[in-house]
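Raw contents of upload-v7.cif, mmCIF, C-alpha atoms:
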```
data_my_file
#
loop_
_atom_site.label_atom_id
_atom_site.label_comp_id
_atom_site.auth_asym_id
_atom_site.auth_seq_id
_atom_site.Cartn_x
_atom_site.Cartn_y
_atom_site.Cartn_z
CA MET A 182 18.96 -31.62 6.25
CA GLY A 183 17.32 -34.92 7.07
CA LYS A 184 17.59 -36.82 3.84
CA LYS A 185 19.69 -39.95 4.19
CA LYS A 186 20.90 -40.50 0.68
CA ASN A 187 23.60 -42.96 -0.25
CA LEU A 188 26.16 -41.56 2.16
CA THR A 189 29.18 -43.29 3.54
CA PRO A 190 28.79 -44.38 7.15
CA VAL A 191 31.10 -41.58 8.25
CA GLN A 192 28.92 -39.00 6.53
CA GLN A 193 25.80 -40.51 8.11
CA GLN A 194 27.43 -40.31 11.50
CA TYR A 195 28.27 -36.70 10.89
CA GLN A 196 24.70 -35.94 9.93
CA GLN A 197 23.44 -37.50 13.15
CA LEU A 198 25.95 -35.43 15.11
CA GLU A 199 24.86 -32.32 13.24
CA GLN A 200 21.21 -32.91 14.07
CA LYS A 201 22.02 -33.47 17.72
CA HIS A 202 23.85 -30.15 18.04
CA GLU A 203 21.62 -28.01 15.85
CA ILE A 204 20.15 -25.17 17.88
CA LYS A 205 16.45 -25.69 18.34
CA ARG A 206 14.53 -22.70 17.13
CA PRO A 207 11.83 -21.38 19.45
CA VAL A 208 9.30 -21.15 16.67
CA TRP A 209 6.43 -19.75 18.76
CA LYS A 210 8.52 -17.09 20.40
CA ASN A 211 10.02 -16.07 17.07
CA CYS A 212 6.59 -15.81 15.50
CA LEU A 213 5.32 -13.67 18.35
CA ASN A 214 8.29 -11.33 18.08
CA ALA A 215 7.92 -11.19 14.30
CA PHE A 216 4.24 -10.30 14.75
CA TRP A 217 5.00 -7.41 17.11
CA VAL A 218 7.89 -5.96 15.15
CA GLY A 219 6.27 -6.33 11.73
CA GLY A 220 2.97 -4.97 12.97
CA LEU A 221 4.66 -2.04 14.67
CA ILE A 222 6.60 -1.10 11.55
CA CYS A 223 3.35 -1.18 9.56
CA ALA A 224 1.56 0.92 12.18
CA VAL A 225 4.33 3.50 11.92
CA GLY A 226 3.89 3.38 8.16
CA GLN A 227 0.18 4.01 8.62
CA ALA A 228 0.92 7.07 10.75
CA ILE A 229 3.26 8.36 8.06
CA THR A 230 0.57 7.74 5.42
CA TYR A 231 -1.97 9.79 7.38
CA PHE A 232 0.66 12.50 7.86
CA TYR A 233 1.05 12.76 4.10
CA ILE A 234 -2.71 12.73 3.55
CA TYR A 235 -3.40 15.51 6.04
CA PHE A 236 -0.53 17.88 5.45
CA PHE A 237 0.13 17.36 1.77
CA ASP A 238 -1.95 16.86 -1.34
CA PHE A 239 -1.86 13.10 -1.37
CA THR A 240 -4.92 10.88 -1.55
CA GLU A 241 -5.21 7.42 -0.07
CA GLN A 242 -4.26 6.08 -3.49
CA THR A 243 -1.16 8.17 -4.00
CA ALA A 244 0.14 8.42 -0.42
CA GLY A 245 1.81 5.02 -0.70
CA ASN A 246 4.69 6.46 -2.72
CA PRO A 247 6.06 9.03 -0.26
CA THR A 248 5.31 6.62 2.59
CA VAL A 249 7.55 3.91 1.15
CA ALA A 250 10.27 6.44 0.37
CA THR A 251 10.12 7.78 3.93
CA MET A 252 10.24 4.29 5.43
CA ILE A 253 13.34 3.49 3.38
CA PHE A 254 14.91 6.78 4.48
CA ILE A 255 14.25 5.83 8.10
CA SER A 256 15.75 2.41 7.49
CA MET A 257 18.85 4.14 6.11
CA LEU A 258 19.28 6.02 9.37
CA LEU A 259 18.64 2.91 11.47
CA THR A 260 21.02 0.82 9.36
CA GLY A 261 23.73 3.47 9.35
CA PHE A 262 23.66 3.77 13.13
CA GLY A 263 23.70 0.04 13.57
CA VAL A 264 20.27 -0.09 15.18
CA TYR A 265 18.56 -2.13 12.49
CA ASP A 266 20.74 -5.15 13.20
CA HIS A 267 19.45 -5.26 16.76
CA ILE A 268 15.87 -4.98 15.53
CA GLY A 269 16.61 -7.80 13.12
CA GLN A 270 18.02 -10.03 15.87
CA PHE A 271 14.88 -9.60 17.92
CA GLY A 272 12.21 -9.41 15.30
CA GLY A 273 13.47 -11.87 12.69
CA ALA A 274 11.06 -11.80 9.78
CA GLY A 275 9.29 -8.84 11.38
CA SER A 276 12.20 -6.69 10.30
CA ALA A 277 12.88 -8.43 6.99
CA VAL A 278 9.39 -8.65 5.52
CA PRO A 279 8.44 -4.95 5.50
CA VAL A 280 9.96 -2.74 2.85
CA THR A 281 12.36 -1.45 5.50
CA GLY A 282 14.02 -4.86 5.39
CA PHE A 283 14.49 -4.49 1.65
CA GLY A 284 15.97 -1.05 2.19
CA ASN A 285 18.17 -2.34 4.97
CA SER A 286 19.66 -5.09 2.81
CA VAL A 287 20.50 -2.65 0.02
CA ILE A 288 21.88 0.03 2.34
CA ALA A 289 23.79 -2.33 4.61
CA ALA A 290 25.48 -3.94 1.60
CA ALA A 291 26.33 -0.52 0.22
CA ILE A 292 27.87 0.66 3.48
CA GLU A 293 29.75 -2.58 4.03
CA HIS A 294 31.40 -2.69 0.62
CA ARG A 295 32.36 0.94 0.46
CA THR A 296 35.96 0.12 1.26
CA GLU A 297 36.16 -1.75 -2.03
CA GLY A 298 35.37 1.37 -3.96
CA PHE A 299 32.11 2.85 -5.16
CA VAL A 300 31.87 1.30 -8.59
CA LEU A 301 33.00 -2.23 -7.86
CA GLY A 302 32.30 -2.39 -4.14
CA VAL A 303 29.11 -0.45 -3.58
CA GLY A 304 27.65 -0.78 -7.04
CA GLY A 305 28.62 -4.39 -7.49
CA ASN A 306 27.29 -5.63 -4.17
CA MET A 307 24.27 -3.49 -3.38
CA PHE A 308 21.77 -5.77 -5.03
CA LYS A 309 22.71 -9.05 -3.40
CA LEU A 310 19.28 -9.61 -1.90
CA ALA A 311 17.40 -7.02 -3.89
CA GLY A 312 18.43 -8.77 -7.07
CA SER A 313 16.44 -11.92 -6.30
CA VAL A 314 13.45 -9.87 -5.21
CA ILE A 315 13.51 -7.82 -8.40
CA LEU A 316 14.10 -10.85 -10.59
CA PHE A 317 11.23 -12.92 -9.27
CA GLY A 318 8.94 -9.97 -8.71
CA VAL A 319 9.28 -8.70 -12.26
CA PHE A 320 9.04 -12.12 -13.82
CA ALA A 321 6.01 -13.13 -11.76
CA ALA A 322 4.34 -9.80 -12.52
CA PHE A 323 5.13 -10.30 -16.20
CA ILE A 324 3.47 -13.70 -16.29
CA VAL A 325 0.45 -12.55 -14.29
CA ALA A 326 -0.05 -9.39 -16.34
CA LEU A 327 0.47 -11.29 -19.59
CA ILE A 328 -2.12 -13.89 -18.71
CA LYS A 329 -4.61 -11.30 -17.55
CA THR A 330 -4.14 -9.10 -20.59
CA LEU A 331 -4.45 -11.99 -23.04
CA TRP A 332 -7.58 -13.19 -21.29
CA THR A 333 -9.24 -9.78 -21.41
CA MET A 334 -8.27 -9.46 -25.05
CA MET A 335 -9.78 -12.83 -25.86
CA GLY A 336 -12.90 -11.98 -23.94
CA VAL A 337 -12.63 -14.61 -21.23
CA LEU A 338 -12.49 -12.05 -18.40
CA MET B 83 -12.23 13.11 11.91
CA ILE B 84 -12.82 9.96 13.91
CA GLN B 85 -16.55 10.20 14.22
CA SER B 86 -19.13 10.94 11.61
CA VAL B 87 -19.08 14.52 10.45
CA ASN B 88 -22.34 14.56 8.49
CA PRO B 89 -22.15 17.93 6.83
CA GLU B 90 -25.04 19.70 5.16
CA PRO B 91 -24.96 19.04 1.44
CA GLY B 92 -23.71 21.94 -0.59
CA ALA B 93 -24.32 23.21 -4.06
CA VAL B 94 -21.89 25.58 -5.70
CA ALA B 95 -24.64 27.45 -7.45
CA LEU B 96 -25.98 28.36 -4.06
CA TYR B 97 -28.40 30.84 -5.45
CA GLU B 98 -30.44 28.23 -7.24
CA GLN B 99 -32.69 26.36 -4.91
CA LYS B 100 -33.08 23.32 -7.16
CA ASN B 101 -29.36 22.59 -7.04
CA LYS B 102 -29.36 22.49 -3.27
CA GLU B 103 -32.40 20.22 -3.32
CA LEU B 104 -30.65 17.85 -5.72
CA ALA B 105 -27.62 17.70 -3.48
CA GLU B 106 -29.84 16.95 -0.48
CA LYS B 107 -31.63 14.17 -2.32
CA VAL B 108 -28.34 12.61 -3.40
CA GLU B 109 -27.08 12.71 0.15
CA LYS B 110 -30.19 10.92 1.41
CA ASP B 111 -29.81 8.25 -1.25
CA ILE B 112 -26.21 7.57 -0.33
CA GLN B 113 -26.95 7.56 3.40
CA SER B 114 -29.39 4.71 2.77
CA PHE B 115 -26.48 2.37 2.11
CA ASP B 116 -25.81 0.30 5.20
CA ALA B 117 -22.06 0.24 4.73
CA ILE B 118 -21.72 4.03 4.52
CA TYR B 119 -21.60 6.20 7.60
CA ASP B 120 -20.73 9.64 6.27
CA VAL B 121 -21.46 11.52 3.06
CA ALA B 122 -20.55 14.90 1.62
CA VAL B 123 -22.10 16.19 -1.61
CA ILE B 124 -21.22 19.26 -3.64
CA LYS B 125 -23.01 20.06 -6.86
CA GLY B 126 -20.91 22.04 -9.32
CA LYS B 127 -21.72 23.49 -12.71
CA GLU B 128 -21.30 20.27 -14.64
CA GLU B 129 -20.36 17.58 -12.16
CA THR B 130 -21.50 16.56 -8.72
CA LEU B 131 -18.88 15.43 -6.25
CA VAL B 132 -19.96 12.67 -3.88
CA ALA B 133 -17.50 11.80 -1.11
CA TYR B 134 -18.31 9.08 1.39
CA LYS B 135 -16.82 7.03 4.19
CA VAL B 136 -17.25 3.27 4.45
CA LYS B 137 -17.54 1.36 7.73
CA HIS B 138 -14.19 -0.25 8.29
CA LEU B 139 -15.16 -3.90 8.29
CA LYS B 140 -17.04 -3.41 5.05
CA ARG B 141 -13.98 -1.96 3.36
CA PHE B 142 -13.12 -5.30 1.77
CA GLY B 143 -15.95 -4.76 -0.67
CA MET B 144 -15.24 -1.12 -1.41
CA LYS B 145 -15.05 -1.64 -5.16
CA LYS B 146 -18.47 -3.23 -5.23
CA ILE B 147 -19.92 -0.45 -3.09
CA GLU B 148 -18.58 2.12 -5.53
CA LYS B 149 -20.17 0.23 -8.43
CA ASP B 150 -23.48 0.04 -6.58
CA ILE B 151 -23.44 3.75 -5.84
CA ASN B 152 -22.65 4.61 -9.44
CA LYS B 153 -25.49 2.42 -10.62
CA LEU B 154 -27.95 3.92 -8.18
CA LEU B 155 -26.99 7.46 -9.17
CA GLU B 156 -27.27 6.53 -12.86
CA ASP B 157 -30.74 5.15 -12.30
CA HIS B 158 -32.11 7.96 -10.19
CA TYR B 159 -30.45 10.95 -11.87
CA PRO B 160 -29.66 10.03 -15.46
CA ASN B 161 -29.08 13.61 -16.52
CA GLU B 162 -26.36 14.37 -13.98
CA ASP B 163 -22.62 13.64 -14.04
CA PHE B 164 -21.23 12.26 -10.83
CA VAL B 165 -17.73 11.98 -9.45
CA VAL B 166 -17.77 9.39 -6.69
CA SER B 167 -14.97 8.74 -4.19
CA SER B 168 -14.43 6.82 -0.98
CA ASP B 169 -11.00 8.33 -0.51
CA TYR B 170 -10.32 9.90 2.87
CA LYS B 171 -8.40 12.85 1.43
CA ILE B 172 -11.20 13.68 -0.99
CA PHE B 173 -13.64 13.57 1.91
CA ILE B 174 -11.71 16.03 4.06
CA GLU B 175 -11.14 18.33 1.09
CA THR B 176 -14.88 18.29 0.38
CA ILE B 177 -15.71 19.14 3.99
CA GLU B 178 -13.23 22.01 3.92
CA LEU B 179 -14.77 23.34 0.73
CA LEU B 180 -18.26 23.11 2.21
CA GLU B 181 -17.11 25.11 5.24
CA ARG B 182 -15.61 27.78 3.02
CA MET B 183 -18.73 27.96 0.90
CA LYS B 184 -20.74 28.98 3.96
CA ASP B 185 -18.88 32.30 3.91
CA PRO B 186 -20.91 34.69 1.73
CA SER B 187 -17.79 36.41 0.44
CA PHE B 188 -16.47 33.18 -1.09
CA SER B 189 -17.24 33.77 -4.77
CA GLU B 190 -18.98 31.18 -6.90
CA LYS B 191 -16.10 31.17 -9.38
CA LYS B 192 -13.55 30.37 -6.68
CA ALA B 193 -15.77 27.61 -5.32
CA GLU B 194 -16.07 26.06 -8.77
CA GLN B 195 -12.27 26.25 -9.16
CA GLN B 196 -11.73 24.49 -5.86
CA LEU B 197 -14.26 21.85 -6.80
CA GLN B 198 -12.43 21.17 -10.04
CA ARG B 199 -9.18 20.92 -8.08
CA VAL B 200 -10.64 18.28 -5.78
CA ILE B 201 -12.05 16.33 -8.73
CA SER B 202 -8.69 16.33 -10.52
CA LEU B 203 -7.06 15.17 -7.26
CA LYS B 204 -9.41 12.24 -7.26
CA LYS B 205 -8.45 11.30 -10.82
CA GLU B 206 -4.73 11.02 -10.02
CA MET B 207 -3.62 7.43 -10.00
CA THR B 208 0.03 7.45 -8.94
CA MET C 30 -9.14 6.34 11.16
CA LEU C 31 -8.41 4.42 14.37
CA PRO C 32 -9.50 1.00 13.12
CA MET C 33 -7.06 1.42 10.26
CA PHE C 34 -4.13 1.53 12.70
CA PHE C 35 -5.35 -1.64 14.35
CA TRP C 36 -5.74 -3.58 11.13
CA ALA C 37 -2.48 -2.24 9.71
CA PHE C 38 -0.78 -3.64 12.81
CA VAL C 39 -2.56 -6.99 12.61
CA ILE C 40 -2.21 -7.64 8.90
CA GLY C 41 1.40 -6.41 8.84
CA GLY C 42 2.10 -8.67 11.79
CA LEU C 43 0.44 -11.67 10.15
CA ILE C 44 2.43 -11.30 6.95
CA SER C 45 5.58 -11.10 9.09
CA VAL C 46 4.57 -14.27 10.93
CA PHE C 47 4.17 -16.00 7.57
CA GLY C 48 7.70 -14.88 6.76
CA GLN C 49 8.94 -16.13 10.13
CA LEU C 50 7.39 -19.54 9.50
CA MET C 51 9.28 -19.64 6.21
CA PHE C 52 12.46 -18.93 8.17
CA ASP C 53 11.94 -21.39 11.00
CA VAL C 54 9.80 -24.22 9.69
CA VAL C 55 10.48 -24.35 5.96
CA LYS C 56 14.06 -23.20 6.66
CA LEU C 57 14.24 -20.69 3.80
CA THR C 58 16.77 -17.87 3.68
CA PRO C 59 15.62 -14.25 3.85
CA ALA C 60 16.28 -13.89 0.12
CA HIS C 61 14.09 -16.91 -0.64
CA THR C 62 11.35 -15.68 1.67
CA MET C 63 11.25 -12.16 0.28
CA SER C 64 11.25 -13.44 -3.30
CA LEU C 65 8.41 -15.80 -2.41
CA LEU C 66 6.43 -12.97 -0.82
CA VAL C 67 6.83 -10.72 -3.87
CA VAL C 68 5.58 -13.51 -6.10
CA ILE C 69 2.63 -14.09 -3.77
CA GLY C 70 1.82 -10.39 -3.91
CA ALA C 71 1.88 -10.46 -7.70
CA ILE C 72 -0.37 -13.53 -7.88
CA LEU C 73 -2.85 -12.10 -5.38
CA ASP C 74 -3.15 -8.94 -7.43
CA GLY C 75 -3.72 -11.09 -10.51
CA PHE C 76 -6.79 -12.46 -8.74
CA GLY C 77 -7.81 -8.99 -7.66
CA LEU C 78 -7.42 -9.88 -3.99
CA TYR C 79 -4.61 -7.54 -2.97
CA GLU C 80 -6.33 -4.20 -3.60
CA PRO C 81 -9.22 -5.01 -1.20
CA LEU C 82 -6.58 -5.94 1.37
CA ILE C 83 -5.01 -2.51 0.93
CA ASP C 84 -8.45 -0.88 1.30
CA PHE C 85 -8.93 -2.76 4.54
CA ALA C 86 -5.49 -2.75 6.14
CA GLY C 87 -3.83 0.32 4.62
CA ALA C 88 -0.14 0.33 5.46
CA GLY C 89 -0.44 -3.24 6.75
CA ALA C 90 -0.65 -4.22 3.09
CA THR C 91 1.44 -1.52 1.43
CA ILE C 92 4.50 -1.75 3.66
CA PRO C 93 5.34 -5.48 3.48
CA ILE C 94 7.40 -6.52 0.48
CA THR C 95 4.32 -8.25 -0.99
CA SER C 96 3.13 -4.84 -2.10
CA PHE C 97 6.07 -4.65 -4.53
CA GLY C 98 4.61 -7.60 -6.38
CA ASN C 99 1.19 -5.95 -6.32
CA SER C 100 2.55 -2.64 -7.67
CA LEU C 101 4.49 -4.36 -10.43
CA VAL C 102 1.38 -6.14 -11.67
CA HIS C 103 -0.74 -3.02 -11.24
CA GLY C 104 1.63 -0.86 -13.25
CA ALA C 105 1.87 -3.49 -15.97
CA LEU C 106 -1.91 -3.88 -16.21
CA GLN C 107 -2.54 -0.13 -16.24
CA GLU C 108 -0.27 0.40 -19.23
CA ALA C 109 -1.52 -2.74 -20.95
CA GLU C 110 -5.05 -1.36 -20.78
CA GLN C 111 -3.98 1.67 -22.74
CA HIS C 112 -1.26 0.39 -25.02
CA GLY C 113 -1.93 -3.31 -25.44
CA LEU C 114 0.55 -6.08 -24.71
CA VAL C 115 3.65 -3.87 -24.92
CA GLY C 116 2.22 -1.98 -21.96
CA VAL C 117 3.10 -4.95 -19.77
CA LEU C 118 6.76 -4.09 -20.30
CA THR C 119 6.52 -0.29 -20.29
CA GLY C 120 4.34 0.08 -17.25
CA MET C 121 5.97 -2.45 -14.89
CA PHE C 122 8.05 -0.09 -12.79
CA GLU C 123 5.70 2.86 -12.90
CA ILE C 124 4.17 2.51 -9.48
CA THR C 125 7.11 0.72 -7.84
CA SER C 126 9.47 3.48 -8.91
CA SER C 127 9.29 5.24 -5.56
CA GLY C 128 10.45 2.24 -3.53
CA MET C 129 13.18 1.07 -5.89
CA SER C 130 14.60 4.55 -6.48
CA ALA C 131 14.57 5.33 -2.78
CA ALA C 132 16.45 2.12 -1.96
CA VAL C 133 19.15 2.84 -4.53
CA ILE C 134 19.49 6.54 -3.70
CA PHE C 135 19.52 6.13 0.06
CA GLY C 136 21.84 3.16 -0.27
CA PHE C 137 24.36 5.32 -2.03
CA ILE C 138 23.90 8.22 0.38
CA GLY C 139 24.27 5.78 3.25
CA ALA C 140 27.53 4.50 1.79
CA LEU C 141 28.73 8.07 1.53
CA ILE C 142 28.03 9.19 5.05
CA PHE C 143 28.14 6.06 7.22
CA LYS C 144 31.17 4.06 8.27
CA PRO C 145 31.04 0.27 8.04
CA LYS C 146 30.95 -1.52 11.37
CA GLY C 147 32.92 -4.55 12.46
#
```
Give the structure from this file in structure tokens form.
Amino acid sequence: MGKKKNLTPVQQQYQQLEQKHEIKRPVWKNCLNAFWVGGLICAVGQAITYFYIYFFDFTEQTAGNPTVATMIFISMLLTGFGVYDHIGQFGGAGSAVPVTGFGNSVIAAAIEHRTEGFVLGVGGNMFKLAGSVILFGVFAAFIVALIKTLWTMMGVL
Amino acid sequence: MIQSVNPEPGAVALYEQKNKELAEKVEKDIQSFDAIYDVAVIKGKEETLVAYKVKHLKRFGMKKIEKDINKLLEDHYPNEDFVVSSDYKIFIETIELLERMKDPSFSEKKAEQQLQRVISLKKEMT
Amino acid sequence: MLPMFFWAFVIGGLISVFGQLMFDVVKLTPAHTMSLLVVIGAILDGFGLYEPLIDFAGAGATIPITSFGNSLVHGALQEAEQHGLVGVLTGMFEITSSGMSAAVIFGFIGALIFKPKG
């Protein structure tokens, strides 16, 4: 966005124009909002975790599973009723970083592409964002686990 | 649940005095840890369940605390089997069991069953 | 119990701020940011640093997308302990299953019952 490569003078002029009109992002305000929204979503998640610990037979270790499932269910409701978009506008990364953001991207894509049919529309488009997350998550986990396992086998760890 | 509960240590074989004494000694040993602010001990037929709560700021080192506790229990009571847990759910289950054990009509067999249930809950990973 | 809520809020908020900085300063897209966070979660678990964070901050560490990376590594390592190297492949999605399945299932249900907007 700021690299002046070997551009023609017209292109350089355009770039200068672009930079002049680019909306300045209020970084501090965005970070504050992200902090509040992200923290609040996690606090709600904590309440749900304690709910599962008290009223069901889940331990601290195992309560993460139903908690995540419940959070994604909630994000389905919020996405379906159009509320999650507003939260996203305000909270920025605060709504994208928690697992509800992951759920929202999958569910929003599914709802949006329903008109194209379930197999090609919903199925084909659901994993637009999730795909990258799964790809890099699995591959990174593979490398990390491989290295760790080989090291323990060889006696380094 | 927010403050320290500090229950009396329990032994399933309530009729044998030496089991209760063992449980009391174990509780004192665990209380001596600075990072721990609540302990519940139940001695069963074969295993002894030790549930404890860690002060929140010390929770970063919870794994090390568990190792230290295991080591201490190994050193002091080499003939006993211990099941050690910092899990909140295990703690509240242990307290509940201790309360029920106070009732004289709660049979020893049922208490042992419940204890085994709590121990198997602790061993679940996912 | 109460301090856990506080730290869940703070740590969850801080991870979100990190994400926001990726958006605003490094100018990454949400997809880039979330992928980066998953990778960071996986690497942190490799160093054994993520589990203590979960002990300390509870949902503040299990709700952000970084915990996906942590669960993937955890599942892989658990199986690898028992079954050797092949366990890295077989155990990967064991712990993450809940989150992934829920996203797919509720996505489909959402598509069934909700109408697209705009």
TODO: Rounded to one decimal place, report the CA of Trp332 (chain A)-CA of Thr119 (chain C) distance in Å.
DONE: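 CA of Thr119 (chain C) lies 19.1 Å from CA of Trp332 (chain A).
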Open item on the list: Tell me as a ChimeraX atom specification which residues belonging to chain B come within 10 Å of chain A, counting all atoms listed in the file.
Closed with: /B:168-175,200,203-208
Task: Target residues per the PyMOL selection byres ((chain C) within 7 of (chain A)), formatted as a PyMOL selection string - done: chain C and resi 34+37-39+41-43+45-46+48-49+53+60+63-64+67-68+71-72+75+87-89+91-94+98+101-102+105-106+109+114+117+127-128+131-132+135-137+139-140+143-145
Keeping only C-alpha atoms, write the selected residues to a file as a PDB file, in the coordinates of the input.
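Resulting contents of result-v6.pdb:
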```pdb
ATOM      1  CA  PHE C  34      -4.130   1.530  12.700  1.00  0.00           C
ATOM      2  CA  ALA C  37      -2.480  -2.240   9.710  1.00  0.00           C
ATOM      3  CA  PHE C  38      -0.780  -3.640  12.810  1.00  0.00           C
ATOM      4  CA  VAL C  39      -2.560  -6.990  12.610  1.00  0.00           C
ATOM      5  CA  GLY C  41       1.400  -6.410   8.840  1.00  0.00           C
ATOM      6  CA  GLY C  42       2.100  -8.670  11.790  1.00  0.00           C
ATOM      7  CA  LEU C  43       0.440 -11.670  10.150  1.00  0.00           C
ATOM      8  CA  SER C  45       5.580 -11.100   9.090  1.00  0.00           C
ATOM      9  CA  VAL C  46       4.570 -14.270  10.930  1.00  0.00           C
ATOM     10  CA  GLY C  48       7.700 -14.880   6.760  1.00  0.00           C
ATOM     11  CA  GLN C  49       8.940 -16.130  10.130  1.00  0.00           C
ATOM     12  CA  ASP C  53      11.940 -21.390  11.000  1.00  0.00           C
ATOM     13  CA  ALA C  60      16.280 -13.890   0.120  1.00  0.00           C
ATOM     14  CA  MET C  63      11.250 -12.160   0.280  1.00  0.00           C
ATOM     15  CA  SER C  64      11.250 -13.440  -3.300  1.00  0.00           C
ATOM     16  CA  VAL C  67       6.830 -10.720  -3.870  1.00  0.00           C
ATOM     17  CA  VAL C  68       5.580 -13.510  -6.100  1.00  0.00           C
ATOM     18  CA  ALA C  71       1.880 -10.460  -7.700  1.00  0.00           C
ATOM     19  CA  ILE C  72      -0.370 -13.530  -7.880  1.00  0.00           C
ATOM     20  CA  GLY C  75      -3.720 -11.090 -10.510  1.00  0.00           C
ATOM     21  CA  GLY C  87      -3.830   0.320   4.620  1.00  0.00           C
ATOM     22  CA  ALA C  88      -0.140   0.330   5.460  1.00  0.00           C
ATOM     23  CA  GLY C  89      -0.440  -3.240   6.750  1.00  0.00           C
ATOM     24  CA  THR C  91       1.440  -1.520   1.430  1.00  0.00           C
ATOM     25  CA  ILE C  92       4.500  -1.750   3.660  1.00  0.00           C
ATOM     26  CA  PRO C  93       5.340  -5.480   3.480  1.00  0.00           C
ATOM     27  CA  ILE C  94       7.400  -6.520   0.480  1.00  0.00           C
ATOM     28  CA  GLY C  98       4.610  -7.600  -6.380  1.00  0.00           C
ATOM     29  CA  LEU C 101       4.490  -4.360 -10.430  1.00  0.00           C
ATOM     30  CA  VAL C 102       1.380  -6.140 -11.670  1.00  0.00           C
ATOM     31  CA  ALA C 105       1.870  -3.490 -15.970  1.00  0.00           C
ATOM     32  CA  LEU C 106      -1.910  -3.880 -16.210  1.00  0.00           C
ATOM     33  CA  ALA C 109      -1.520  -2.740 -20.950  1.00  0.00           C
ATOM     34  CA  LEU C 114       0.550  -6.080 -24.710  1.00  0.00           C
ATOM     35  CA  VAL C 117       3.100  -4.950 -19.770  1.00  0.00           C
ATOM     36  CA  SER C 127       9.290   5.240  -5.560  1.00  0.00           C
ATOM     37  CA  GLY C 128      10.450   2.240  -3.530  1.00  0.00           C
ATOM     38  CA  ALA C 131      14.570   5.330  -2.780  1.00  0.00           C
ATOM     39  CA  ALA C 132      16.450   2.120  -1.960  1.00  0.00           C
ATOM     40  CA  PHE C 135      19.520   6.130   0.060  1.00  0.00           C
ATOM     41  CA  GLY C 136      21.840   3.160  -0.270  1.00  0.00           C
ATOM     42  CA  PHE C 137      24.360   5.320  -2.030  1.00  0.00           C
ATOM     43  CA  GLY C 139      24.270   5.780   3.250  1.00  0.00           C
ATOM     44  CA  ALA C 140      27.530   4.500   1.790  1.00  0.00           C
ATOM     45  CA  PHE C 143      28.140   6.060   7.220  1.00  0.00           C
ATOM     46  CA  LYS C 144      31.170   4.060   8.270  1.00  0.00           C
ATOM     47  CA  PRO C 145      31.040   0.270   8.040  1.00  0.00           C
TER      48      PRO C 145
END
```
Task: CA of Leu66 (chain C) to CA of Glu108 (chain C), straight-line distance in Å - done: 23.7 Å
Could you list the residues chosen by the PyMOL selection byres ((chain B and resi 128) around 12) in this structure as a PDB file with C-alpha atoms, in the coordinates of the input?
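In the end it all went to result_24.pdb:
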```pdb
ATOM      1  CA  ALA B  93     -24.320  23.210  -4.060  1.00  0.00           C
ATOM      2  CA  VAL B  94     -21.890  25.580  -5.700  1.00  0.00           C
ATOM      3  CA  ALA B  95     -24.640  27.450  -7.450  1.00  0.00           C
ATOM      4  CA  ASN B 101     -29.360  22.590  -7.040  1.00  0.00           C
ATOM      5  CA  ILE B 124     -21.220  19.260  -3.640  1.00  0.00           C
ATOM      6  CA  LYS B 125     -23.010  20.060  -6.860  1.00  0.00           C
ATOM      7  CA  GLY B 126     -20.910  22.040  -9.320  1.00  0.00           C
ATOM      8  CA  LYS B 127     -21.720  23.490 -12.710  1.00  0.00           C
ATOM      9  CA  GLU B 129     -20.360  17.580 -12.160  1.00  0.00           C
ATOM     10  CA  THR B 130     -21.500  16.560  -8.720  1.00  0.00           C
ATOM     11  CA  LEU B 131     -18.880  15.430  -6.250  1.00  0.00           C
ATOM     12  CA  ASN B 161     -29.080  13.610 -16.520  1.00  0.00           C
ATOM     13  CA  GLU B 162     -26.360  14.370 -13.980  1.00  0.00           C
ATOM     14  CA  ASP B 163     -22.620  13.640 -14.040  1.00  0.00           C
ATOM     15  CA  PHE B 164     -21.230  12.260 -10.830  1.00  0.00           C
ATOM     16  CA  VAL B 165     -17.730  11.980  -9.450  1.00  0.00           C
ATOM     17  CA  GLU B 194     -16.070  26.060  -8.770  1.00  0.00           C
ATOM     18  CA  LEU B 197     -14.260  21.850  -6.800  1.00  0.00           C
ATOM     19  CA  GLN B 198     -12.430  21.170 -10.040  1.00  0.00           C
ATOM     20  CA  ILE B 201     -12.050  16.330  -8.730  1.00  0.00           C
TER      21      ILE B 201
END
```
TODO: Would you write out, as a list of chain:residue names, every residue that the PyMOL selection byres ((chain C) within 8 of (chain B)) captures in this file?
DONE: C:Met30, C:Leu31, C:Pro32, C:Met33, C:Pro81, C:Leu82, C:Asp84, C:Phe85, C:Ile124
Task: CA of Gln193 (chain A) to CA of Val54 (chain C), straight-line distance in Å - done: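 That distance, rounded to one decimal, is 22.9 Å.
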Mind filling out region 203-207 of chain B with N, CA and C atoms and sending it as a JSON list (two decimals), in the frame of the given file?
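This is the output file result-v7.json:
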```
[["chain", "number", "residue", "atom", "x", "y", "z"],
["B", 203, "LEU", "N", -7.82, 15.91, -8.26],
["B", 203, "LEU", "CA", -7.06, 15.17, -7.26],
["B", 203, "LEU", "C", -7.53, 13.73, -7.20],
["B", 204, "LYS", "N", -8.85, 13.57, -7.33],
["B", 204, "LYS", "CA", -9.41, 12.24, -7.26],
["B", 204, "LYS", "C", -8.95, 11.40, -8.45],
["B", 205, "LYS", "N", -8.75, 12.07, -9.62],
["B", 205, "LYS", "CA", -8.45, 11.30, -10.82],
["B", 205, "LYS", "C", -7.00, 10.88, -10.90],
["B", 206, "GLU", "N", -6.14, 11.43, -10.04],
["B", 206, "GLU", "CA", -4.73, 11.02, -10.02],
["B", 206, "GLU", "C", -4.61, 9.56, -9.64],
["B", 207, "MET", "N", -3.74, 8.84, -10.33],
["B", 207, "MET", "CA", -3.62, 7.43, -10.00],
["B", 207, "MET", "C", -2.34, 7.12, -9.24]]
```
